Structure formats: structure tokens, C-alpha cells
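**Student:** After the C-alpha cells below, expect a handful of questions from me.
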Amino acid sequence: MTIFIIMGVSGCGKTTIGQALADRLDCPFYDGDHFHPPQNVAKMAGGQPLTDEDRRPWLARLHQMMAEHEAKGETAVFACSALKKRYRDQLRDRLTAVQFIHLQGNFDLIWGRMQARQGHYMKAPMLQSQFDALESPGPDEAITISAAEDVETILELIQKQSKEC
């Protein structure tokens with residue numbers, strides 16, 4: 001039983017990889033973007049980056065969902081940017097089965113993906129603020145995989161490096 005958190009900047013592939021991993025593990029997948037309160041969505045849609053204060057209740061909600069799965073001994077996969085160490089600390093607080101997977105990509109790769117996106121509230125011009133906020137996790141905190149890899153390769157790398165897979 002593991003609570004996987006697929007993390008990284010917007011456009012790195014969190015949702016795609018998270019859903020594919022959940023399908024492979026036959027477990028639930030939760031896209032953290034769907035759990036933002038309406039005021040956060042409105043703020044981001046208006047081109048304003050969220051503050052730590054904006055994120056606090058959102059992270060608390062995700063943590064509660066993770067805790068419920070862990071208490072039941074259930075594997076689950078979450079997609080959540082988790083850009084700062086303190087956000088990751090809040091997500092894993094008192095949980096023992098959390099595994100972060102950091103999808104890492106350079107600005108040009110992610111910028112190209114963001115420009116191709118349609119219908120998502122996170123707009124490409126806000127990408128720089130995500131890179132500025134990112135505190136990359138060390139090897140003791142997360143499995144880091146290149147976002148440039150294809151889905152199957154990323155899943156294989158997760159399975160090879162994860163405690164659970």
C-alpha cells in the first residue's frame with residue numbers, strides 16, 4: 001500500500017502519468033487541481049499565482065484524502081504540484097506510506113506543452129512563477145524522472161524505483 005504523489009510544475013504530465021499509474025495499479029486517481037476551492041481557481045484563471053495561504057486549505061483537503069486511504073490500507077495516486085518542501089511536508093504529515101514522484105522538465109519543454117494546452121485554468125505565462133517556486137526534492141524525498149520520457153518509460157522507471165510497485 002502506497003500513496004503516490006505525482007508532483008512537478010504545471011504541464012509536466014502529472015495528470016497523464018498519475019492516471020496511467022493508477023490504471024496500472026488498479027487504484028483510485030485524484031487530480032489535485034479538481035480540489036482547489038473556487039476562489040483559487042478564479043485567482044489562477046485571472047493570471048495570479050496562489051500564495052502559501054491560498055494553498056493551505058487545499059493541501060489540507062488532499063492530506064485528509066490521503067490519510068483516509070492510508071487508514072484503510074489502500075493504494076491511491078494523487079497529482080499535486082507540491083512545489084515547496086513545506087507543501088510536501090504538509091501532505092505527508094504523520095503518513096507513513098507516501099511516495100513522491102517528481103516529473104522534472106526544463107522550461108522550454110514545459111513551455112511548449114503549456115502553449116498547446118486548451119481549456120485549463122493554468123495559463124502558460126504563469127509557468128515561470130511555478131519554476132521560481134519549485135524547491136526540487138532530493139533523492140531521499142522523491143523519485144525524480146524526466147518529464148521528457150514517454151508514458152510507458154516513466155511508468156517502468158516508477159515501478160523499478162518505487163518501494164511499492
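The chains in the C-alpha cells are called A, B, ... from first to last as shown; in each chain the residues are counted from 1, and the ligands are counted from 1 in the order shown.
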Quick one: everything within 9 Å of Gly73 in chain A, counting only C-alpha atoms, minus sequence neighbours fewer than 5 positions away in the same chain. Send it as a PDB file with N, CA and C atoms, in the first residue's frame.
**Tutor:**
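The resulting file, part38.pdb, is shown below:
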```
ATOM      1  N   MET A   1       0.845  -1.182   0.000  1.00  0.00           N
ATOM      2  CA  MET A   1       0.000   0.000   0.000  1.00  0.00           C
ATOM      3  C   MET A   1       0.886   1.239   0.000  1.00  0.00           C
ATOM      4  N   THR A   2       0.642   2.097  -0.973  1.00  0.00           N
ATOM      5  CA  THR A   2       1.390   3.336  -1.094  1.00  0.00           C
ATOM      6  C   THR A   2       0.469   4.454  -1.543  1.00  0.00           C
ATOM      7  N   GLU A  68      -7.137   9.057   4.693  1.00  0.00           N
ATOM      8  CA  GLU A  68      -8.246   8.099   4.652  1.00  0.00           C
ATOM      9  C   GLU A  68      -7.846   6.830   3.903  1.00  0.00           C
TER      10      GLU A  68
END
```
**Student:** Please identify every residue of range 60-114 of chain A that has at least one atom no farther than 10 Å from an atom of range 150-162 of chain A, counting only C-alpha atoms, and for each give the shortest atom pair and the distance in Å to one decimal, arranged by chain then increasing number, as CSV.
**Tutor:**
```
residue,atom,partner,partner_atom,distance
A:Gln99,CA,A:Ser162,CA,7.6
A:Phe100,CA,A:Ser162,CA,9.4
A:Ile101,CA,A:Ile158,CA,7.6
A:Leu103,CA,A:Ile154,CA,8.9
```
**Student:** Looking only at helix (DSSP H, G or I) from DSSP on the backbone, list the matching residues of chain A as a VMD selection string.
**Tutor:** chain A and resid 14 to 25 32 to 35 38 to 45 52 to 72 85 to 92 107 to 116 124 to 133 151 to 161
**Student:** CA of Glu74 in chain A and CA of Arg92 in chain A, how far apart in Å?
**Tutor:**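 Separation of CA of Arg92 in chain A and CA of Glu74 in chain A: 15.4 Å.
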**Student:** Can you tell me which residues surround range 28-43 of chain A at a distance of at most 12 Å, considering only C-alpha atoms, apart from same-chain residues fewer than 6 positions away, and format the answer as a PyMOL selection string?
**Tutor:** chain A and resi 2-8+10+13-22+49-66+69+74-82+91+120-123+126
